[in-house]
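Visitor: So I've got this file, input_34.cif, and it contains mmCIF, C-alpha atoms:
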data_target
loop_
_atom_site.label_atom_id
_atom_site.label_comp_id
_atom_site.auth_asym_id
_atom_site.auth_seq_id
_atom_site.Cartn_x
_atom_site.Cartn_y
_atom_site.Cartn_z
CA MET C 398 19.05 -100.44 -39.67
CA VAL C 399 17.10 -98.43 -42.25
CA LYS C 400 16.64 -94.82 -41.21
CA THR C 401 13.22 -93.19 -41.25
CA GLU C 402 12.55 -90.07 -43.28
CA GLN C 403 12.39 -88.04 -40.07
CA GLU C 404 15.76 -89.40 -38.92
CA LYS C 405 17.27 -88.47 -42.29
CA ALA C 406 15.73 -85.00 -42.03
CA THR C 407 17.13 -84.55 -38.53
CA GLU C 408 20.61 -85.57 -39.69
CA SER C 409 20.38 -83.11 -42.58
CA PHE C 410 19.31 -80.33 -40.22
CA VAL C 411 22.13 -81.04 -37.75
CA GLU C 412 24.68 -81.09 -40.57
CA LYS C 413 23.44 -77.73 -41.85
CA LEU C 414 23.46 -76.24 -38.33
CA GLU C 415 27.05 -77.39 -37.84
CA GLN C 416 28.04 -75.78 -41.15
CA HIS C 417 26.51 -72.49 -40.01
CA LYS C 418 28.20 -72.80 -36.63
CA ALA C 419 31.61 -73.33 -38.22
CA ILE C 420 31.50 -70.18 -40.32
CA ILE C 421 29.97 -68.09 -37.52
CA ASP C 422 32.58 -69.31 -35.02
CA ALA C 423 35.39 -68.46 -37.44
CA ARG C 424 34.04 -64.92 -37.92
CA ILE C 425 33.60 -64.49 -34.16
CA ASP C 426 37.23 -65.52 -33.57
CA GLU C 427 38.36 -62.84 -36.02
CA PHE C 428 36.10 -60.23 -34.44
CA VAL C 429 37.26 -61.00 -30.89
CA VAL C 430 40.92 -60.44 -31.79
CA SER C 431 40.08 -57.09 -33.41
CA PHE C 432 37.67 -55.99 -30.65
CA GLU C 433 40.10 -56.78 -27.83
CA SER C 434 43.03 -55.21 -29.68
CA SER C 435 41.20 -51.95 -30.41
CA THR C 436 39.90 -51.78 -26.82
CA ALA C 437 43.41 -52.20 -25.40
CA GLU C 438 44.83 -49.62 -27.78
CA GLN C 439 42.13 -46.99 -27.24
CA PHE C 440 41.17 -47.51 -23.59
CA GLY C 441 43.88 -49.51 -21.83
CA GLU C 442 44.24 -52.41 -19.41
CA TYR C 443 41.19 -52.16 -17.15
CA PRO C 444 38.55 -51.60 -19.85
CA LEU C 445 40.08 -54.58 -21.66
CA GLU C 446 39.42 -56.78 -18.61
CA ALA C 447 35.75 -55.87 -18.85
CA ILE C 448 35.56 -56.58 -22.57
CA LYS C 449 37.25 -59.96 -22.07
CA THR C 450 34.20 -61.11 -20.09
CA PHE C 451 31.96 -60.20 -23.02
CA THR C 452 34.21 -61.91 -25.57
CA SER C 453 34.44 -64.94 -23.29
CA TYR C 454 30.66 -65.39 -23.59
CA LEU C 455 30.83 -64.77 -27.32
CA LYS C 456 33.50 -67.44 -27.82
CA ARG C 457 31.78 -70.03 -25.61
CA GLY C 458 29.10 -70.13 -28.22
CA GLY C 459 26.64 -72.91 -28.03
CA LYS C 460 24.96 -74.14 -31.19
CA ARG C 461 24.71 -70.67 -32.80
CA ILE C 462 20.99 -71.17 -33.45
CA ARG C 463 20.30 -67.44 -33.52
CA GLY C 464 23.11 -66.68 -35.94
CA SER C 465 21.97 -69.59 -38.10
CA LEU C 466 18.41 -68.28 -38.13
CA THR C 467 19.70 -64.92 -39.35
CA ILE C 468 21.35 -66.64 -42.31
CA VAL C 469 18.30 -68.84 -42.94
CA GLY C 470 15.91 -65.87 -42.78
CA TYR C 471 18.04 -64.15 -45.43
CA GLN C 472 18.28 -67.17 -47.71
CA LEU C 473 14.54 -67.92 -47.40
CA PHE C 474 13.88 -64.88 -49.58
CA GLY C 475 16.71 -65.27 -52.05
CA GLY C 476 19.52 -63.43 -50.28
CA LYS C 477 22.92 -64.12 -51.89
CA ASP C 478 25.48 -61.89 -50.13
CA GLU C 479 27.15 -64.42 -47.82
CA LYS C 480 29.73 -62.00 -46.44
CA MET C 481 27.15 -59.38 -45.49
CA ILE C 482 24.73 -61.77 -43.81
CA LEU C 483 27.58 -63.35 -41.85
CA GLU C 484 28.19 -59.92 -40.31
CA ALA C 485 24.51 -59.76 -39.33
CA ALA C 486 24.81 -63.24 -37.78
CA LEU C 487 27.85 -62.05 -35.82
CA ALA C 488 25.83 -59.11 -34.49
CA ILE C 489 22.97 -61.37 -33.42
CA GLU C 490 25.38 -63.62 -31.51
CA MET C 491 26.85 -60.52 -29.84
CA LEU C 492 23.35 -59.45 -28.78
CA GLN C 493 22.80 -62.94 -27.39
CA SER C 494 25.93 -62.61 -25.24
CA TYR C 495 24.65 -59.26 -23.97
CA ILE C 496 21.32 -60.78 -22.95
CA LEU C 497 22.97 -63.75 -21.23
CA MET C 498 25.30 -61.53 -19.20
CA MET C 499 22.37 -59.46 -17.99
CA ASP C 500 20.27 -62.55 -17.29
CA ASP C 501 23.06 -64.15 -15.22
CA ILE C 502 23.28 -61.12 -12.93
CA GLN C 503 19.51 -61.03 -12.48
CA ASP C 504 19.40 -64.78 -11.81
CA ARG C 505 22.49 -64.67 -9.56
CA SER C 506 23.94 -67.52 -11.61
CA GLU C 507 27.56 -68.54 -11.10
CA THR C 508 28.14 -70.69 -14.19
CA ARG C 509 27.32 -70.38 -17.86
CA ARG C 510 28.26 -72.77 -20.66
CA GLY C 511 30.92 -74.60 -18.70
CA GLY C 512 32.59 -71.52 -17.22
CA PRO C 513 32.03 -68.80 -14.64
CA THR C 514 29.51 -66.07 -15.38
CA ALA C 515 30.85 -62.63 -16.32
CA HIS C 516 30.17 -61.00 -12.97
CA MET C 517 31.81 -63.94 -11.18
CA MET C 518 34.87 -63.69 -13.44
CA LEU C 519 35.19 -60.04 -12.44
CA LYS C 520 34.49 -60.80 -8.79
CA ASP C 521 37.39 -63.27 -8.91
CA TYR C 522 39.57 -60.63 -10.59
CA HIS C 523 38.77 -58.19 -7.77
CA GLU C 524 39.66 -60.74 -5.10
CA LYS C 525 42.81 -61.96 -6.86
CA HIS C 526 44.16 -58.42 -7.13
CA HIS C 527 43.11 -57.47 -3.56
CA LEU C 528 41.13 -54.44 -4.72
CA ARG C 529 39.15 -52.19 -2.42
CA ASP C 530 35.41 -52.38 -1.68
CA ASP C 531 32.93 -55.21 -2.29
CA SER C 532 34.03 -57.79 -4.88
CA LEU C 533 30.55 -58.94 -5.97
CA HIS C 534 29.30 -55.38 -6.45
CA PHE C 535 32.43 -54.68 -8.49
CA GLY C 536 31.85 -57.76 -10.63
CA GLU C 537 28.21 -56.95 -11.32
CA SER C 538 28.93 -53.28 -12.03
CA ILE C 539 31.72 -53.94 -14.54
CA ALA C 540 29.78 -56.78 -16.19
CA MET C 541 26.84 -54.42 -16.76
CA SER C 542 29.09 -51.88 -18.43
CA ALA C 543 30.65 -54.63 -20.54
CA PHE C 544 27.34 -55.95 -21.84
CA VAL C 545 26.11 -52.44 -22.66
CA ILE C 546 29.29 -51.89 -24.70
CA GLY C 547 28.75 -55.26 -26.37
CA CYS C 548 25.16 -54.39 -27.23
CA HIS C 549 26.11 -51.12 -28.90
CA ALA C 550 29.06 -52.72 -30.67
CA ALA C 551 26.59 -55.22 -32.15
CA LEU C 552 24.27 -52.45 -33.32
CA ASP C 553 27.28 -50.72 -34.87
CA VAL C 554 27.99 -53.90 -36.86
CA ILE C 555 24.40 -53.83 -38.15
CA ALA C 556 24.59 -50.12 -38.99
CA ALA C 557 27.74 -50.73 -41.05
CA LEU C 558 26.31 -53.57 -43.17
CA ASP C 559 27.20 -53.18 -46.84
CA THR C 560 23.70 -53.33 -48.27
CA ASP C 561 20.66 -51.18 -49.03
CA PRO C 562 20.63 -48.40 -46.39
CA GLU C 563 16.82 -48.45 -46.17
CA ARG C 564 16.92 -52.13 -45.28
CA VAL C 565 19.57 -51.45 -42.63
CA VAL C 566 17.39 -48.79 -40.99
CA ARG C 567 14.39 -51.09 -41.15
CA ALA C 568 16.50 -53.88 -39.62
CA ILE C 569 17.72 -51.72 -36.72
CA ARG C 570 14.19 -50.56 -35.95
CA ASN C 571 13.00 -54.16 -35.93
CA ILE C 572 15.85 -55.22 -33.62
CA ASN C 573 14.95 -52.42 -31.23
CA ARG C 574 11.27 -53.39 -31.20
CA CYS C 575 12.16 -57.02 -30.55
CA TYR C 576 14.45 -56.14 -27.64
CA ILE C 577 11.87 -53.83 -26.11
CA THR C 578 9.49 -56.79 -26.07
CA THR C 579 12.23 -59.06 -24.70
CA GLY C 580 12.91 -56.57 -21.92
CA HIS C 581 9.26 -56.59 -20.89
CA GLY C 582 9.31 -60.38 -20.95
CA GLN C 583 12.37 -60.40 -18.70
CA ASN C 584 10.73 -58.00 -16.27
CA LEU C 585 7.60 -60.13 -16.15
CA ASP C 586 9.75 -63.21 -15.54
CA ILE C 587 11.29 -61.52 -12.49
CA PHE C 588 7.93 -60.25 -11.22
CA ASN C 589 6.59 -63.79 -11.52
CA GLU C 590 9.17 -64.91 -8.97
CA VAL C 591 7.97 -62.53 -6.27
CA VAL C 592 4.27 -61.71 -6.68
CA PRO C 593 1.80 -63.72 -4.54
CA THR C 594 0.11 -65.67 -7.34
CA ILE C 595 0.66 -66.28 -11.03
CA ASP C 596 -1.06 -68.54 -13.54
CA GLU C 597 -0.14 -70.34 -16.74
CA GLU C 598 -0.93 -67.25 -18.84
CA ASP C 599 1.75 -65.27 -16.97
CA VAL C 600 4.27 -68.00 -17.79
CA HIS C 601 3.00 -68.17 -21.37
CA ASN C 602 3.61 -64.43 -21.85
CA VAL C 603 7.21 -64.81 -20.69
CA LEU C 604 7.70 -67.66 -23.18
CA LEU C 605 6.50 -65.41 -26.01
CA TRP C 606 7.78 -61.96 -25.11
CA LYS C 607 11.17 -63.15 -23.93
CA THR C 608 12.32 -66.34 -25.64
CA ALA C 609 10.25 -66.34 -28.82
CA PHE C 610 11.25 -62.77 -29.64
CA TYR C 611 14.98 -62.88 -29.02
CA THR C 612 15.57 -66.47 -30.15
CA PHE C 613 13.30 -66.62 -33.20
CA VAL C 614 11.51 -63.43 -34.25
CA ASN C 615 14.54 -61.16 -34.05
CA PRO C 616 17.12 -63.21 -36.00
CA LEU C 617 14.67 -64.60 -38.56
CA GLN C 618 13.12 -61.23 -39.32
CA LEU C 619 16.53 -59.55 -39.41
CA GLY C 620 17.71 -61.89 -42.15
CA ALA C 621 14.40 -61.60 -44.00
CA ILE C 622 14.42 -57.79 -43.88
CA LEU C 623 17.96 -57.70 -45.28
CA ALA C 624 16.72 -59.88 -48.17
CA GLY C 625 13.78 -57.54 -48.84
CA ALA C 626 10.92 -59.57 -47.35
CA THR C 627 7.45 -58.02 -47.28
CA GLU C 628 5.50 -57.24 -44.10
CA LYS C 629 3.21 -60.20 -44.85
CA GLU C 630 6.22 -62.51 -45.05
CA LEU C 631 7.58 -61.11 -41.79
CA ASP C 632 4.22 -61.80 -40.18
CA THR C 633 4.37 -65.45 -41.28
CA LEU C 634 7.80 -65.74 -39.68
CA TYR C 635 6.27 -64.27 -36.53
CA GLN C 636 3.47 -66.85 -36.59
CA TYR C 637 6.08 -69.61 -36.86
CA SER C 638 8.30 -68.08 -34.19
CA MET C 639 5.68 -67.89 -31.45
CA PRO C 640 5.10 -71.65 -31.03
CA ALA C 641 8.73 -72.39 -31.90
CA GLY C 642 9.87 -70.11 -29.09
CA ARG C 643 7.39 -71.69 -26.71
CA ALA C 644 8.74 -75.17 -27.51
CA PHE C 645 12.33 -73.97 -27.17
CA GLN C 646 11.85 -72.37 -23.74
CA ILE C 647 9.76 -75.19 -22.29
CA THR C 648 12.45 -77.65 -23.34
CA ASP C 649 15.05 -75.29 -21.84
CA ASP C 650 13.12 -75.22 -18.56
CA ILE C 651 12.94 -79.02 -18.52
CA LEU C 652 16.68 -79.29 -19.16
CA GLY C 653 17.30 -76.60 -16.55
CA VAL C 654 15.86 -78.85 -13.84
CA PHE C 655 16.16 -82.39 -15.19
CA GLY C 656 19.38 -82.07 -17.21
CA SER C 657 22.94 -82.01 -15.95
CA GLU C 658 25.07 -78.87 -15.72
CA PHE C 659 27.04 -80.18 -18.70
CA GLU C 660 23.84 -80.44 -20.74
CA SER C 661 22.14 -77.19 -19.77
CA GLY C 662 25.20 -74.96 -19.39
CA LYS C 663 24.21 -73.81 -15.90
CA SER C 664 23.65 -75.38 -12.50
CA PRO C 665 20.43 -77.46 -12.48
CA LEU C 666 19.64 -76.00 -9.05
CA ASP C 667 19.46 -72.42 -10.38
CA ASP C 668 15.80 -72.29 -11.45
CA ILE C 669 14.54 -73.66 -8.12
CA LYS C 670 16.94 -71.48 -6.11
CA GLU C 671 15.76 -68.38 -7.93
CA GLY C 672 12.11 -69.32 -7.55
CA LYS C 673 11.54 -69.24 -11.31
CA ARG C 674 7.92 -69.71 -12.25
CA THR C 675 8.14 -71.97 -15.26
CA ILE C 676 5.44 -74.20 -16.69
CA LEU C 677 7.01 -76.98 -14.58
CA SER C 678 6.73 -75.21 -11.24
CA VAL C 679 3.36 -73.53 -11.92
CA LYS C 680 1.69 -76.76 -13.02
CA ALA C 681 3.28 -78.72 -10.15
CA LEU C 682 1.88 -76.20 -7.66
CA GLU C 683 -1.50 -76.59 -9.34
CA MET C 684 -1.53 -80.39 -9.68
CA ALA C 685 0.45 -81.78 -6.71
CA PRO C 686 -1.01 -82.85 -3.34
CA LYS C 687 -1.05 -80.17 -0.60
CA ALA C 688 1.96 -81.56 1.25
CA ASP C 689 4.05 -81.54 -1.94
CA VAL C 690 2.83 -78.03 -2.80
CA TYR C 691 3.91 -76.79 0.62
CA TYR C 692 7.34 -78.40 0.23
CA LEU C 693 7.87 -77.03 -3.30
CA GLU C 694 6.75 -73.52 -2.30
CA ARG C 695 9.26 -73.58 0.57
CA CYS C 696 12.08 -74.55 -1.80
CA LEU C 697 11.29 -72.12 -4.61
CA GLY C 698 13.47 -69.05 -4.04
CA ASN C 699 15.58 -70.71 -1.32
CA HIS C 700 19.16 -69.71 -2.11
CA GLU C 701 20.45 -72.23 0.43
CA LEU C 702 18.75 -75.12 -1.37
CA THR C 703 20.50 -78.44 -0.75
CA MET C 704 20.97 -81.20 -3.30
CA ALA C 705 18.63 -83.46 -1.29
CA GLU C 706 15.89 -80.79 -1.36
CA PHE C 707 16.44 -80.23 -5.07
CA LYS C 708 16.07 -83.95 -5.81
CA LYS C 709 12.79 -84.04 -3.89
CA CYS C 710 11.52 -81.04 -5.87
CA LYS C 711 12.29 -82.91 -9.09
CA GLU C 712 10.33 -85.90 -7.81
CA ILE C 713 7.35 -83.69 -6.95
CA ILE C 714 7.36 -82.05 -10.39
CA ALA C 715 7.51 -85.42 -12.14
CA ARG C 716 5.01 -87.16 -9.85
CA SER C 717 2.45 -84.35 -10.11
CA GLY C 718 2.23 -84.73 -13.88
CA ALA C 719 3.75 -81.28 -14.52
CA LEU C 720 6.74 -82.74 -16.37
CA GLY C 721 4.51 -84.74 -18.71
CA TYR C 722 2.25 -81.72 -19.23
CA ALA C 723 5.27 -79.56 -20.17
CA GLN C 724 6.57 -82.16 -22.61
CA THR C 725 3.17 -82.48 -24.31
CA THR C 726 2.80 -78.70 -24.50
CA ALA C 727 6.20 -78.40 -26.18
CA GLU C 728 5.37 -81.16 -28.67
CA ASN C 729 2.06 -79.49 -29.56
CA ALA C 730 3.86 -76.18 -30.09
CA VAL C 731 6.25 -77.88 -32.50
CA GLU C 732 3.35 -79.19 -34.60
CA GLU C 733 1.78 -75.71 -34.60
CA ALA C 734 5.01 -74.12 -35.86
CA ILE C 735 5.38 -76.73 -38.61
CA SER C 736 1.76 -76.20 -39.66
CA VAL C 737 2.41 -72.49 -40.20
CA LEU C 738 5.32 -73.27 -42.52
CA VAL C 739 3.47 -75.95 -44.48
CA GLN C 740 0.52 -73.63 -45.10
CA SER C 741 2.37 -70.40 -45.83
CA SER C 742 5.81 -71.02 -47.31
CA LYS C 743 5.25 -72.68 -50.69
CA LYS C 744 7.10 -69.92 -52.56
CA TRP C 745 10.04 -69.76 -50.15
CA ASN C 746 13.43 -71.46 -50.51
CA ALA C 747 12.62 -75.12 -49.85
CA GLU C 748 15.99 -75.97 -48.29
CA GLN C 749 15.60 -73.24 -45.68
CA VAL C 750 11.98 -74.21 -44.97
CA ASP C 751 13.21 -77.76 -44.28
CA PHE C 752 15.80 -76.29 -41.92
CA LEU C 753 13.10 -74.48 -39.93
CA ILE C 754 11.00 -77.62 -39.73
CA GLY C 755 14.04 -79.65 -38.67
CA LEU C 756 14.89 -77.07 -36.04
CA VAL C 757 11.60 -77.23 -34.16
CA ARG C 758 11.60 -81.04 -34.27
CA TYR C 759 15.14 -81.04 -32.97
CA LEU C 760 14.25 -78.66 -30.12
CA VAL C 761 12.05 -81.03 -28.17
CA ASN C 762 14.53 -83.90 -28.44
CA ARG C 763 17.74 -82.04 -27.62
CA LYS C 764 19.87 -82.74 -24.56
CA SER C 765 21.47 -79.29 -24.28
#
Translate this structure into structure tokens?

Guide:
Amino acid sequence: MVKTEQEKATESFVEKLEQHKAIIDARIDEFVVSFESSTAEQFGEYPLEAIKTFTSYLKRGGKRIRGSLTIVGYQLFGGKDEKMILEAALAIEMLQSYILMMDDIQDRSETRRGGPTAHMMLKDYHEKHHLRDDSLHFGESIAMSAFVIGCHAALDVIAALDTDPERVVRAIRNINRCYITTGHGQNLDIFNEVVPTIDEEDVHNVLLWKTAFYTFVNPLQLGAILAGATEKELDTLYQYSMPAGRAFQITDDILGVFGSEFESGKSPLDDIKEGKRTILSVKALEMAPKADVYYLERCLGNHELTMAEFKKCKEIIARSGALGYAQTTAENAVEEAISVLVQSSKKWNAEQVDFLIGLVRYLVNRKS
């Protein structure tokens, strides 16, 4: 069968992403050995147990999209120092692990990427060693300390980059601004679970402030800044990142409910149990018949949710048209992101532009 141009482009993108993943994974493996060794030597057995939860997340990986975007953002503007930008990609993946550890505590999740979450690993450690006091509180407390250490270790990697010091300072300031925005997005996400009413704009703001910033804006602009990109060029990356992030998170939300645990990396019941207000749940509550709305409202935030109840919630979301609406919204966001690149990136590295186009197309068709 003859492949279409889009199929060829997708294959090229996936191949490039796998190449990035391989070199990032290899650097992470080296870093983990050094980080654990220095922790054990300086601070001893118990602090090492905490750090092992952080490095566990770091090694579990995923596709390394954020690290890849750091490299791509650098190469877009002619960056040539492969060793230096790999260190920046390492730091971005460390910051991703920090965010995931925090998110898992806030969501009360028990699994992440095929393994237990950090606070559950430490809860199990507490129980296995018959320690005093409450095991879950212990697990959450130590996990929080571990991800704070991981965050600052990542910033230390950035601060030590062997490149123009002014660019490093500019990069750190940009990282901080991005994570301030991400933090506000995370807070809004949690508020959305508990306030009486929310609308699509509230969900939209979470998609932008949270996912778009830490998945796209932060890594892309980091790489670009280290290559010497102008403020105008950074703004174009921002304009691309907003719809790209929207498409990424909507697809994530769809996989979170309609995918398997193997595909999504967490239990598919989690979003309903936690009462997450995603585009799926908000539109279902808006579009479904009253009886279905009542049932879905009763299930959202129910931590004792059964599999039978979860399956019925899925049926309500699909039947209401919310699933189709979410899929169409994600597809439209992809076209918006591509349009930004086509209009604004004629002087940029063509191979990296193709990667960014391939990425957003890949996002809405992925299974994990």

Visitor: Apply the PyMOL selection byres ((chain C and resi 453) around 12) to the file shown and report the selected residues as number ranges by chain.

Guide: C: 425-426, 429-430, 433, 445-452, 454-458, 491, 494-495, 497-498, 509-516, 518-519, 540, 543-544, 547

Visitor: Give me, please, the distance in Å between CA of Val739 in chain C and CA of Val761 in chain C, quoted to one decimal.

Guide: 19.1 Å

Visitor: Go through C:Leu604, C:Pro444, C:Asn729, C:Leu760 one by one, measure the shortest atom-to-atom distance of each to Ile539 in chain C using all atoms listed in the file, and give the residue with the smallest value.

Guide: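 Of C:Leu604, C:Pro444, C:Asn729, C:Leu760, the one nearest Ile539 in chain C, counting all atoms listed in the file, is C:Pro444.
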
Visitor: For this structure, which residues satisfy the selection - the PyMOL selection byres ((chain C and resi 718) around 10) - when it is evaluated on the file as given? I want them as a count of residues only.

Guide: 15

Visitor: Go through C:Ile502, C:Ala550, C:Leu466, C:Ala730 one by one, measure the shortest atom-to-atom distance of each to Phe428 in chain C using only C-alpha atoms, and give the residue with the smallest value.

Guide: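 Of all the options, C:Ala550 lies closest to Phe428 in chain C.
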